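Trainee: Structure file data_23.pdb (PDB, C-alpha atoms, pLDDT in the B column) right here:
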```
MODEL        1
ATOM      1  CA  MET U   1    -237.473 -80.716-200.162  1.00 82.00           C
ATOM      2  CA  SER U   2    -239.628 -82.494-197.567  1.00 81.00           C
ATOM      3  CA  PHE U   3    -239.504 -85.764-199.509  1.00 80.00           C
ATOM      4  CA  SER U   4    -235.857 -85.723-200.600  1.00 82.00           C
ATOM      5  CA  ILE U   5    -234.636 -88.165-197.907  1.00 84.00           C
ATOM      6  CA  ILE U   6    -237.482 -88.968-195.504  1.00 83.00           C
ATOM      7  CA  LYS U   7    -240.875 -89.132-197.178  1.00 90.00           C
ATOM      8  CA  ASP U   8    -243.022 -87.701-194.370  1.00 94.00           C
ATOM      9  CA  GLY U   9    -243.901 -84.189-195.549  1.00 92.00           C
ATOM     10  CA  LEU U  10    -241.617 -82.583-192.949  1.00 95.00           C
ATOM     11  CA  ILE U  11    -238.227 -81.008-193.534  1.00 94.00           C
ATOM     12  CA  HIS U  12    -235.492 -82.699-191.524  1.00 94.00           C
ATOM     13  CA  LYS U  13    -232.102 -81.055-190.974  1.00 91.00           C
ATOM     14  CA  GLU U  14    -230.422 -83.378-193.522  1.00 90.00           C
ATOM     15  CA  GLU U  15    -233.010 -82.465-196.172  1.00 90.00           C
ATOM     16  CA  PHE U  16    -232.603 -78.768-195.406  1.00 89.00           C
ATOM     17  CA  GLN U  17    -228.837 -79.002-195.722  1.00 86.00           C
ATOM     18  CA  LEU U  18    -229.148 -81.016-198.939  1.00 85.00           C
ATOM     19  CA  ALA U  19    -231.361 -78.285-200.431  1.00 84.00           C
ATOM     20  CA  LEU U  20    -228.954 -75.512-199.386  1.00 78.00           C
ATOM     21  CA  PHE U  21    -225.618 -77.138-200.157  1.00 72.00           C
ATOM     22  CA  ARG U  22    -226.355 -80.299-202.177  1.00 72.00           C
ATOM     23  CA  ASN U  23    -224.791 -82.290-199.336  1.00 65.00           C
ATOM     24  CA  SER U  24    -226.648 -83.821-196.404  1.00 58.00           C
ATOM     25  CA  LYS U  25    -223.619 -85.287-194.610  1.00 65.00           C
ATOM     26  CA  LYS U  26    -221.197 -82.380-194.145  1.00 67.00           C
ATOM     27  CA  ALA U  27    -221.946 -80.416-190.958  1.00 71.00           C
ATOM     28  CA  ASN U  28    -222.333 -76.671-191.463  1.00 79.00           C
ATOM     29  CA  LEU U  29    -222.928 -74.058-188.788  1.00 85.00           C
ATOM     30  CA  PHE U  30    -224.800 -71.761-191.177  1.00 83.00           C
ATOM     31  CA  ALA U  31    -227.252 -74.486-192.236  1.00 85.00           C
ATOM     32  CA  ASP U  32    -227.740 -75.510-188.602  1.00 90.00           C
ATOM     33  CA  ARG U  33    -228.483 -71.907-187.536  1.00 92.00           C
ATOM     34  CA  VAL U  34    -230.950 -71.249-190.334  1.00 91.00           C
ATOM     35  CA  PHE U  35    -232.659 -74.591-189.671  1.00 94.00           C
ATOM     36  CA  ASP U  36    -232.941 -73.778-185.964  1.00 95.00           C
ATOM     37  CA  LEU U  37    -234.459 -70.368-186.755  1.00 95.00           C
ATOM     38  CA  PHE U  38    -236.973 -71.964-189.158  1.00 96.00           C
ATOM     39  CA  ASP U  39    -237.900 -74.656-186.592  1.00 97.00           C
ATOM     40  CA  LEU U  40    -240.304 -72.363-184.740  1.00 95.00           C
ATOM     41  CA  LYS U  41    -241.899 -75.187-182.745  1.00 97.00           C
ATOM     42  CA  ARG U  42    -238.455 -76.460-181.632  1.00 95.00           C
ATOM     43  CA  ASN U  43    -239.346 -80.076-182.435  1.00 97.00           C
ATOM     44  CA  GLY U  44    -236.428 -80.930-184.731  1.00 95.00           C
ATOM     45  CA  VAL U  45    -238.368 -80.707-188.002  1.00 97.00           C
ATOM     46  CA  ILE U  46    -239.868 -77.921-190.103  1.00 96.00           C
ATOM     47  CA  ASP U  47    -243.473 -78.294-191.216  1.00 95.00           C
ATOM     48  CA  PHE U  48    -245.022 -76.367-194.103  1.00 93.00           C
ATOM     49  CA  GLU U  49    -246.434 -73.592-191.901  1.00 93.00           C
ATOM     50  CA  GLU U  50    -243.080 -72.996-190.190  1.00 95.00           C
ATOM     51  CA  PHE U  51    -241.308 -73.008-193.555  1.00 93.00           C
ATOM     52  CA  VAL U  52    -243.627 -70.408-195.093  1.00 90.00           C
ATOM     53  CA  GLN U  53    -243.615 -68.200-191.982  1.00 91.00           C
ATOM     54  CA  SER U  54    -239.835 -68.283-191.754  1.00 92.00           C
ATOM     55  CA  LEU U  55    -239.271 -67.849-195.472  1.00 90.00           C
ATOM     56  CA  SER U  56    -241.461 -64.740-195.427  1.00 91.00           C
ATOM     57  CA  VAL U  57    -238.606 -62.750-193.883  1.00 92.00           C
ATOM     58  CA  PHE U  58    -236.808 -63.096-197.252  1.00 90.00           C
ATOM     59  CA  HIS U  59    -239.724 -61.590-199.221  1.00 90.00           C
ATOM     60  CA  PRO U  60    -238.670 -58.345-200.951  1.00 90.00           C
ATOM     61  CA  LYS U  61    -241.488 -56.418-199.250  1.00 90.00           C
ATOM     62  CA  THR U  62    -240.741 -57.634-195.734  1.00 92.00           C
ATOM     63  CA  PRO U  63    -239.744 -54.620-193.617  1.00 94.00           C
ATOM     64  CA  THR U  64    -236.039 -54.108-193.075  1.00 94.00           C
ATOM     65  CA  SER U  65    -236.635 -54.245-189.319  1.00 95.00           C
ATOM     66  CA  GLU U  66    -237.754 -57.903-189.588  1.00 95.00           C
ATOM     67  CA  LYS U  67    -234.785 -58.781-191.797  1.00 95.00           C
ATOM     68  CA  THR U  68    -232.444 -57.039-189.354  1.00 95.00           C
ATOM     69  CA  ALA U  69    -233.915 -58.947-186.393  1.00 95.00           C
ATOM     70  CA  PHE U  70    -233.596 -62.285-188.227  1.00 95.00           C
ATOM     71  CA  ALA U  71    -229.978 -61.583-189.190  1.00 92.00           C
ATOM     72  CA  PHE U  72    -229.206 -60.610-185.597  1.00 95.00           C
ATOM     73  CA  LYS U  73    -230.614 -63.936-184.338  1.00 94.00           C
ATOM     74  CA  LEU U  74    -228.613 -65.744-187.007  1.00 92.00           C
ATOM     75  CA  TYR U  75    -225.325 -64.286-185.753  1.00 91.00           C
ATOM     76  CA  ASP U  76    -226.217 -64.480-182.037  1.00 95.00           C
ATOM     77  CA  LEU U  77    -225.152 -68.135-181.909  1.00 94.00           C
ATOM     78  CA  ARG U  78    -225.418 -68.567-178.160  1.00 94.00           C
ATOM     79  CA  GLY U  79    -228.691 -66.637-177.785  1.00 94.00           C
ATOM     80  CA  THR U  80    -227.214 -64.117-175.353  1.00 96.00           C
ATOM     81  CA  GLY U  81    -228.787 -61.067-176.958  1.00 96.00           C
ATOM     82  CA  TYR U  82    -225.365 -59.969-178.213  1.00 95.00           C
ATOM     83  CA  ILE U  83    -223.196 -60.814-181.203  1.00 93.00           C
ATOM     84  CA  GLU U  84    -219.717 -61.468-179.914  1.00 91.00           C
ATOM     85  CA  LYS U  85    -216.643 -61.276-182.115  1.00 86.00           C
ATOM     86  CA  GLU U  86    -216.038 -65.020-181.892  1.00 89.00           C
ATOM     87  CA  GLU U  87    -219.650 -65.780-182.891  1.00 90.00           C
ATOM     88  CA  LEU U  88    -219.290 -63.520-185.904  1.00 85.00           C
ATOM     89  CA  ARG U  89    -216.010 -65.171-186.858  1.00 83.00           C
ATOM     90  CA  GLU U  90    -217.547 -68.666-186.548  1.00 87.00           C
ATOM     91  CA  MET U  91    -220.518 -67.769-188.738  1.00 84.00           C
ATOM     92  CA  VAL U  92    -218.498 -66.000-191.414  1.00 79.00           C
ATOM     93  CA  LEU U  93    -216.041 -68.907-191.519  1.00 80.00           C
ATOM     94  CA  ALA U  94    -218.942 -71.351-191.956  1.00 79.00           C
ATOM     95  CA  LEU U  95    -220.315 -69.301-194.835  1.00 74.00           C
ATOM     96  CA  LEU U  96    -216.936 -68.966-196.489  1.00 73.00           C
ATOM     97  CA  ASP U  97    -216.196 -72.668-196.024  1.00 69.00           C
ATOM     98  CA  GLU U  98    -219.104 -73.471-198.326  1.00 63.00           C
ATOM     99  CA  SER U  99    -217.697 -71.189-201.023  1.00 59.00           C
ATOM    100  CA  ASP U 100    -214.007 -72.133-200.514  1.00 57.00           C
ATOM    101  CA  LEU U 101    -213.027 -68.535-199.785  1.00 54.00           C
ATOM    102  CA  CYS U 102    -210.571 -67.320-197.167  1.00 55.00           C
ATOM    103  CA  LEU U 103    -211.397 -64.925-194.342  1.00 52.00           C
ATOM    104  CA  SER U 104    -209.209 -61.925-193.742  1.00 56.00           C
ATOM    105  CA  ASP U 105    -209.018 -60.204-190.392  1.00 58.00           C
ATOM    106  CA  SER U 106    -210.135 -56.989-192.108  1.00 57.00           C
ATOM    107  CA  THR U 107    -213.488 -58.640-192.898  1.00 57.00           C
ATOM    108  CA  ILE U 108    -214.158 -59.250-189.202  1.00 62.00           C
ATOM    109  CA  GLU U 109    -212.881 -55.775-188.330  1.00 69.00           C
ATOM    110  CA  THR U 110    -215.374 -54.233-190.777  1.00 66.00           C
ATOM    111  CA  PHE U 111    -218.226 -55.935-188.928  1.00 68.00           C
ATOM    112  CA  SER U 112    -216.647 -55.092-185.596  1.00 72.00           C
ATOM    113  CA  GLN U 113    -217.303 -51.439-186.416  1.00 83.00           C
ATOM    114  CA  ALA U 114    -220.838 -52.211-185.312  1.00 87.00           C
ATOM    115  CA  ASP U 115    -219.531 -52.424-181.746  1.00 89.00           C
ATOM    116  CA  SER U 116    -219.900 -48.676-181.342  1.00 89.00           C
ATOM    117  CA  ASN U 117    -219.463 -48.675-177.555  1.00 90.00           C
ATOM    118  CA  GLY U 118    -216.334 -50.855-177.717  1.00 88.00           C
ATOM    119  CA  ASP U 119    -217.473 -53.477-175.203  1.00 90.00           C
ATOM    120  CA  GLY U 120    -216.484 -56.403-177.439  1.00 86.00           C
ATOM    121  CA  LYS U 121    -220.039 -57.372-178.408  1.00 90.00           C
ATOM    122  CA  ILE U 122    -222.811 -56.042-180.617  1.00 92.00           C
ATOM    123  CA  ASP U 123    -226.223 -55.514-179.037  1.00 94.00           C
ATOM    124  CA  ARG U 124    -229.479 -55.161-180.989  1.00 95.00           C
ATOM    125  CA  GLU U 125    -229.327 -51.359-181.087  1.00 95.00           C
ATOM    126  CA  GLU U 126    -225.735 -51.362-182.352  1.00 94.00           C
ATOM    127  CA  TRP U 127    -226.672 -53.987-184.949  1.00 92.00           C
ATOM    128  CA  GLU U 128    -229.672 -51.943-186.162  1.00 93.00           C
ATOM    129  CA  GLU U 129    -227.499 -48.840-186.454  1.00 93.00           C
ATOM    130  CA  PHE U 130    -224.810 -50.791-188.311  1.00 90.00           C
ATOM    131  CA  VAL U 131    -227.361 -52.166-190.792  1.00 89.00           C
ATOM    132  CA  LYS U 132    -228.749 -48.670-191.421  1.00 91.00           C
ATOM    133  CA  LYS U 133    -225.245 -47.453-192.287  1.00 89.00           C
ATOM    134  CA  ASN U 134    -224.317 -50.656-194.172  1.00 84.00           C
ATOM    135  CA  PRO U 135    -227.408 -51.937-196.026  1.00 86.00           C
ATOM    136  CA  ALA U 136    -225.233 -54.467-197.868  1.00 82.00           C
ATOM    137  CA  ALA U 137    -225.160 -56.441-194.604  1.00 81.00           C
ATOM    138  CA  LEU U 138    -228.716 -57.536-195.458  1.00 85.00           C
ATOM    139  CA  ARG U 139    -228.276 -57.967-199.229  1.00 81.00           C
ATOM    140  CA  ASN U 140    -228.903 -61.726-199.017  1.00 78.00           C
ATOM    141  CA  MET U 141    -232.051 -61.240-196.925  1.00 81.00           C
ATOM    142  CA  SER U 142    -234.290 -60.755-199.982  1.00 82.00           C
ATOM    143  CA  LEU U 143    -235.175 -63.451-202.476  1.00 79.00           C
ATOM    144  CA  PRO U 144    -236.734 -61.656-205.475  1.00 77.00           C
ATOM    145  CA  TYR U 145    -238.581 -64.751-206.732  1.00 72.00           C
ATOM    146  CA  LEU U 146    -240.741 -64.720-203.586  1.00 76.00           C
ATOM    147  CA  GLN U 147    -242.402 -61.641-205.086  1.00 74.00           C
ATOM    148  CA  ASP U 148    -243.733 -63.962-207.819  1.00 71.00           C
ATOM    149  CA  ILE U 149    -245.532 -66.075-205.197  1.00 64.00           C
ATOM    150  CA  THR U 150    -247.412 -63.020-203.987  1.00 60.00           C
ATOM    151  CA  LEU U 151    -248.320 -62.072-207.568  1.00 62.00           C
ATOM    152  CA  ALA U 152    -249.457 -65.601-208.444  1.00 58.00           C
ATOM    153  CA  PHE U 153    -251.361 -66.073-205.172  1.00 58.00           C
ATOM    154  CA  PRO U 154    -252.696 -62.668-204.062  1.00 56.00           C
ATOM    155  CA  SER U 155    -254.295 -64.238-201.000  1.00 51.00           C
ATOM    156  CA  PHE U 156    -250.869 -65.341-199.796  1.00 50.00           C
ATOM    157  CA  ILE U 157    -250.304 -63.332-196.616  1.00 49.00           C
ATOM    158  CA  MET U 158    -246.772 -62.544-195.567  1.00 50.00           C
ATOM    159  CA  SER U 159    -246.452 -62.839-191.801  1.00 48.00           C
ATOM    160  CA  SER U 160    -243.546 -63.971-189.674  1.00 44.00           C
ATOM    161  CA  GLU U 161    -245.639 -64.488-186.553  1.00 48.00           C
ATOM    162  CA  ALA U 162    -245.663 -68.056-185.303  1.00 45.00           C
ATOM    163  CA  SER U 163    -248.550 -69.907-183.774  1.00 47.00           C
ATOM    164  CA  ASP U 164    -248.760 -73.388-182.293  1.00 44.00           C
TER     165      ASP U 164
ENDMDL
END
```
Using structure tokens, write down the structure that the file contains.

Mentor:
Amino acid sequence: MSFSIIKDGLIHKEEFQLALFRNSKKANLFADRVFDLFDLKRNGVIDFEEFVQSLSVFHPKTPTSEKTAFAFKLYDLRGTGYIEKEELREMVLALLDESDLCLSDSTIETFSQADSNGDGKIDREEWEEFVKKNPAALRNMSLPYLQDITLAFPSFIMSSEASD
């Protein structure tokens, strides 16, 4: 991935998008969000350490709490500490755009059930409670083949903590 466009050993946004969607030119909110969350050093590229640390959240044995926190950050587009209905709509539309599916209002309303206090936004506690009641919300947060890495390289340590 890090040599697909720019041969420097770093993953640039275009390379990341190419790997996810086989297209490096078409802008996609989902790809941008995931890239931004993987870019732990906030320098516009992902190095190997950042990639492995960020990818570890998708390991089958990563605690649900870490997966839940990552998914919350993914949907909290503006970094306010809340998922607002419009942010959720934007993200779901971006995901569906890649698969050429249509979004029904009932889809957003299902997720809006997470807004248990009815204030029009989902805070971390509401999100955690929603995920507990709806584990399918995290079904794409595990990549089974990452288990093989741990089996092949027992010294491989899964940790999502970042260091400079």

Trainee: With all atoms listed in the file as the atoms that count, which of U:Tyr145, U:Met91, U:Glu84, U:Arg42 lies nearest to Gly118 of chain U?

Mentor: U:Glu84

Trainee: Suppose a student applies the PyMOL selection byres ((chain U and resi 123) around 10) to this structure; what residues should they get, written as a list in words?

Mentor: Phe72, Asp76, Thr80, Gly81, Tyr82, Ile83, Glu84, Ala114, Asp115, Ser116, Asn117, Asp119, Gly120, Lys121, Ile122, Arg124, Glu125, Glu126, Trp127 and Glu128 of chain U

Trainee: I need the residues from that last selection saved to file as a short mmCIF file (atom, residue, chain, number, x, y, z; two decimals), in the coordinates of the input (with C-alpha atoms), if you can.

Mentor:
```
data_model
loop_
_atom_site.label_atom_id
_atom_site.label_comp_id
_atom_site.auth_asym_id
_atom_site.auth_seq_id
_atom_site.Cartn_x
_atom_site.Cartn_y
_atom_site.Cartn_z
CA PHE U 72 -229.21 -60.61 -185.60
CA ASP U 76 -226.22 -64.48 -182.04
CA THR U 80 -227.21 -64.12 -175.35
CA GLY U 81 -228.79 -61.07 -176.96
CA TYR U 82 -225.36 -59.97 -178.21
CA ILE U 83 -223.20 -60.81 -181.20
CA GLU U 84 -219.72 -61.47 -179.91
CA ALA U 114 -220.84 -52.21 -185.31
CA ASP U 115 -219.53 -52.42 -181.75
CA SER U 116 -219.90 -48.68 -181.34
CA ASN U 117 -219.46 -48.68 -177.56
CA ASP U 119 -217.47 -53.48 -175.20
CA GLY U 120 -216.48 -56.40 -177.44
CA LYS U 121 -220.04 -57.37 -178.41
CA ILE U 122 -222.81 -56.04 -180.62
CA ARG U 124 -229.48 -55.16 -180.99
CA GLU U 125 -229.33 -51.36 -181.09
CA GLU U 126 -225.74 -51.36 -182.35
CA TRP U 127 -226.67 -53.99 -184.95
CA GLU U 128 -229.67 -51.94 -186.16
#
```

Trainee: Counting all atoms listed in the file, note down every residue that has an atom within 12 Å of the point (-230.8, -65.7, -200.9) (file coordinates), as a PDB file with C-alpha atoms, keeping the file's coordinate frame.

Mentor:
```pdb
ATOM      1  CA  LEU U  20    -228.954 -75.512-199.386  1.00 78.00           C
ATOM      2  CA  VAL U  34    -230.950 -71.249-190.334  1.00 91.00           C
ATOM      3  CA  LEU U  55    -239.271 -67.849-195.472  1.00 90.00           C
ATOM      4  CA  VAL U  57    -238.606 -62.750-193.883  1.00 92.00           C
ATOM      5  CA  PHE U  58    -236.808 -63.096-197.252  1.00 90.00           C
ATOM      6  CA  HIS U  59    -239.724 -61.590-199.221  1.00 90.00           C
ATOM      7  CA  PRO U  60    -238.670 -58.345-200.951  1.00 90.00           C
ATOM      8  CA  LEU U 138    -228.716 -57.536-195.458  1.00 85.00           C
ATOM      9  CA  ARG U 139    -228.276 -57.967-199.229  1.00 81.00           C
ATOM     10  CA  ASN U 140    -228.903 -61.726-199.017  1.00 78.00           C
ATOM     11  CA  MET U 141    -232.051 -61.240-196.925  1.00 81.00           C
ATOM     12  CA  SER U 142    -234.290 -60.755-199.982  1.00 82.00           C
ATOM     13  CA  LEU U 143    -235.175 -63.451-202.476  1.00 79.00           C
ATOM     14  CA  PRO U 144    -236.734 -61.656-205.475  1.00 77.00           C
ATOM     15  CA  TYR U 145    -238.581 -64.751-206.732  1.00 72.00           C
ATOM     16  CA  LEU U 146    -240.741 -64.720-203.586  1.00 76.00           C
TER      17      LEU U 146
END
```

Trainee: Quick one: residues within 10 Å of Lys13 of chain U, only C-alpha atoms counted, chain neighbours fewer than 2 positions away excluded, as a PDB file with C-alpha atoms, in the frame of the given file?

Mentor:
```pdb
ATOM      1  CA  LEU U  10    -241.617 -82.583-192.949  1.00 95.00           C
ATOM      2  CA  ILE U  11    -238.227 -81.008-193.534  1.00 94.00           C
ATOM      3  CA  GLU U  15    -233.010 -82.465-196.172  1.00 90.00           C
ATOM      4  CA  PHE U  16    -232.603 -78.768-195.406  1.00 89.00           C
ATOM      5  CA  GLN U  17    -228.837 -79.002-195.722  1.00 86.00           C
ATOM      6  CA  LEU U  18    -229.148 -81.016-198.939  1.00 85.00           C
ATOM      7  CA  ALA U  19    -231.361 -78.285-200.431  1.00 84.00           C
ATOM      8  CA  SER U  24    -226.648 -83.821-196.404  1.00 58.00           C
ATOM      9  CA  ALA U  31    -227.252 -74.486-192.236  1.00 85.00           C
ATOM     10  CA  ASP U  32    -227.740 -75.510-188.602  1.00 90.00           C
ATOM     11  CA  VAL U  34    -230.950 -71.249-190.334  1.00 91.00           C
ATOM     12  CA  PHE U  35    -232.659 -74.591-189.671  1.00 94.00           C
ATOM     13  CA  ASP U  36    -232.941 -73.778-185.964  1.00 95.00           C
ATOM     14  CA  ASP U  39    -237.900 -74.656-186.592  1.00 97.00           C
ATOM     15  CA  GLY U  44    -236.428 -80.930-184.731  1.00 95.00           C
ATOM     16  CA  VAL U  45    -238.368 -80.707-188.002  1.00 97.00           C
ATOM     17  CA  ILE U  46    -239.868 -77.921-190.103  1.00 96.00           C
TER      18      ILE U  46
END
```

Trainee: Enclose all atoms of segment 118-128 of chain U listed in the file in an axis-aligned box, grow every side by 4 Å, and hand back centre and edge lengths in Å to one decimal, as JSON.

Mentor:
```
{"center_x": -223.0, "center_y": -54.1, "center_z": -180.7, "size_x": 21.3, "size_y": 14.5, "size_z": 19.0}
```

Trainee: Quick one: distance from atom CA of Ala94 of chain U to atom CA of Phe51 of chain U in Å, one decimal?

Mentor: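 Taking atom CA of Ala94 of chain U as the start and atom CA of Phe51 of chain U as the end point, the length is 22.5 Å.
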
Trainee: Take segment 29-39 of chain U, model all heavy atoms, and hand the result over as a short mmCIF file (atom, residue, chain, number, x, y, z; two decimals), keeping the file's coordinate frame.

Mentor:
```cif
data_model
loop_
_atom_site.label_atom_id
_atom_site.label_comp_id
_atom_site.auth_asym_id
_atom_site.auth_seq_id
_atom_site.Cartn_x
_atom_site.Cartn_y
_atom_site.Cartn_z
N LEU U 29 -222.36 -74.94 -189.80
CA LEU U 29 -222.93 -74.06 -188.79
C LEU U 29 -224.02 -73.17 -189.36
O LEU U 29 -225.07 -72.98 -188.75
CB LEU U 29 -221.82 -73.20 -188.16
CG LEU U 29 -222.27 -72.17 -187.12
CD1 LEU U 29 -222.90 -72.84 -185.92
CD2 LEU U 29 -221.09 -71.31 -186.72
N PHE U 30 -223.81 -72.63 -190.56
CA PHE U 30 -224.80 -71.76 -191.18
C PHE U 30 -226.11 -72.51 -191.40
O PHE U 30 -227.19 -72.03 -191.02
CB PHE U 30 -224.27 -71.20 -192.50
CG PHE U 30 -225.30 -70.40 -193.25
CD1 PHE U 30 -225.65 -69.13 -192.83
CD2 PHE U 30 -225.91 -70.93 -194.37
CE1 PHE U 30 -226.62 -68.39 -193.51
CE2 PHE U 30 -226.87 -70.20 -195.06
CZ PHE U 30 -227.21 -68.93 -194.64
N ALA U 31 -226.04 -73.68 -191.99
CA ALA U 31 -227.25 -74.49 -192.24
C ALA U 31 -227.95 -74.83 -190.92
O ALA U 31 -229.18 -74.76 -190.83
CB ALA U 31 -226.91 -75.76 -193.01
N ASP U 32 -227.17 -75.18 -189.91
CA ASP U 32 -227.74 -75.51 -188.60
C ASP U 32 -228.47 -74.31 -188.01
O ASP U 32 -229.57 -74.44 -187.47
CB ASP U 32 -226.66 -75.97 -187.62
CG ASP U 32 -226.13 -77.36 -187.93
OD1 ASP U 32 -226.76 -78.08 -188.73
OD2 ASP U 32 -225.08 -77.71 -187.37
N ARG U 33 -227.87 -73.11 -188.10
CA ARG U 33 -228.48 -71.91 -187.54
C ARG U 33 -229.78 -71.56 -188.25
O ARG U 33 -230.79 -71.26 -187.62
CB ARG U 33 -227.53 -70.70 -187.63
CG ARG U 33 -226.45 -70.69 -186.60
CD ARG U 33 -226.99 -70.63 -185.19
NE ARG U 33 -227.71 -69.39 -184.92
CZ ARG U 33 -228.67 -69.26 -184.01
NH1 ARG U 33 -229.04 -70.27 -183.29
NH2 ARG U 33 -229.26 -68.10 -183.83
N VAL U 34 -229.74 -71.59 -189.59
CA VAL U 34 -230.95 -71.25 -190.33
C VAL U 34 -232.05 -72.28 -190.04
O VAL U 34 -233.20 -71.91 -189.81
CB VAL U 34 -230.67 -71.14 -191.85
CG1 VAL U 34 -231.95 -70.93 -192.63
CG2 VAL U 34 -229.69 -70.00 -192.12
N PHE U 35 -231.67 -73.56 -189.99
CA PHE U 35 -232.66 -74.59 -189.67
C PHE U 35 -233.28 -74.32 -188.30
O PHE U 35 -234.50 -74.37 -188.14
CB PHE U 35 -232.01 -75.99 -189.69
CG PHE U 35 -232.99 -77.09 -189.41
CD1 PHE U 35 -233.69 -77.68 -190.45
CD2 PHE U 35 -233.23 -77.54 -188.12
CE1 PHE U 35 -234.62 -78.70 -190.21
CE2 PHE U 35 -234.15 -78.54 -187.87
CZ PHE U 35 -234.84 -79.12 -188.91
N ASP U 36 -232.44 -74.04 -187.32
CA ASP U 36 -232.94 -73.78 -185.96
C ASP U 36 -233.88 -72.57 -185.93
O ASP U 36 -234.87 -72.57 -185.19
CB ASP U 36 -231.78 -73.57 -184.99
CG ASP U 36 -231.00 -74.84 -184.72
OD1 ASP U 36 -231.50 -75.95 -185.03
OD2 ASP U 36 -229.86 -74.74 -184.22
N LEU U 37 -233.59 -71.54 -186.72
CA LEU U 37 -234.46 -70.37 -186.76
C LEU U 37 -235.78 -70.66 -187.48
O LEU U 37 -236.81 -70.07 -187.15
CB LEU U 37 -233.74 -69.19 -187.40
CG LEU U 37 -232.57 -68.61 -186.60
CD1 LEU U 37 -231.83 -67.55 -187.40
CD2 LEU U 37 -233.05 -68.04 -185.27
N PHE U 38 -235.75 -71.57 -188.45
CA PHE U 38 -236.97 -71.96 -189.16
C PHE U 38 -237.82 -72.92 -188.31
O PHE U 38 -239.03 -72.98 -188.47
CB PHE U 38 -236.63 -72.65 -190.49
CG PHE U 38 -236.42 -71.70 -191.64
CD1 PHE U 38 -235.65 -70.56 -191.53
CD2 PHE U 38 -237.00 -71.98 -192.87
CE1 PHE U 38 -235.46 -69.71 -192.62
CE2 PHE U 38 -236.81 -71.14 -193.96
CZ PHE U 38 -236.04 -70.01 -193.83
N ASP U 39 -237.20 -73.68 -187.44
CA ASP U 39 -237.90 -74.66 -186.59
C ASP U 39 -238.56 -73.92 -185.42
O ASP U 39 -238.12 -74.00 -184.27
CB ASP U 39 -236.91 -75.72 -186.10
CG ASP U 39 -237.55 -76.79 -185.24
OD1 ASP U 39 -238.80 -76.87 -185.21
OD2 ASP U 39 -236.80 -77.54 -184.59
#
```
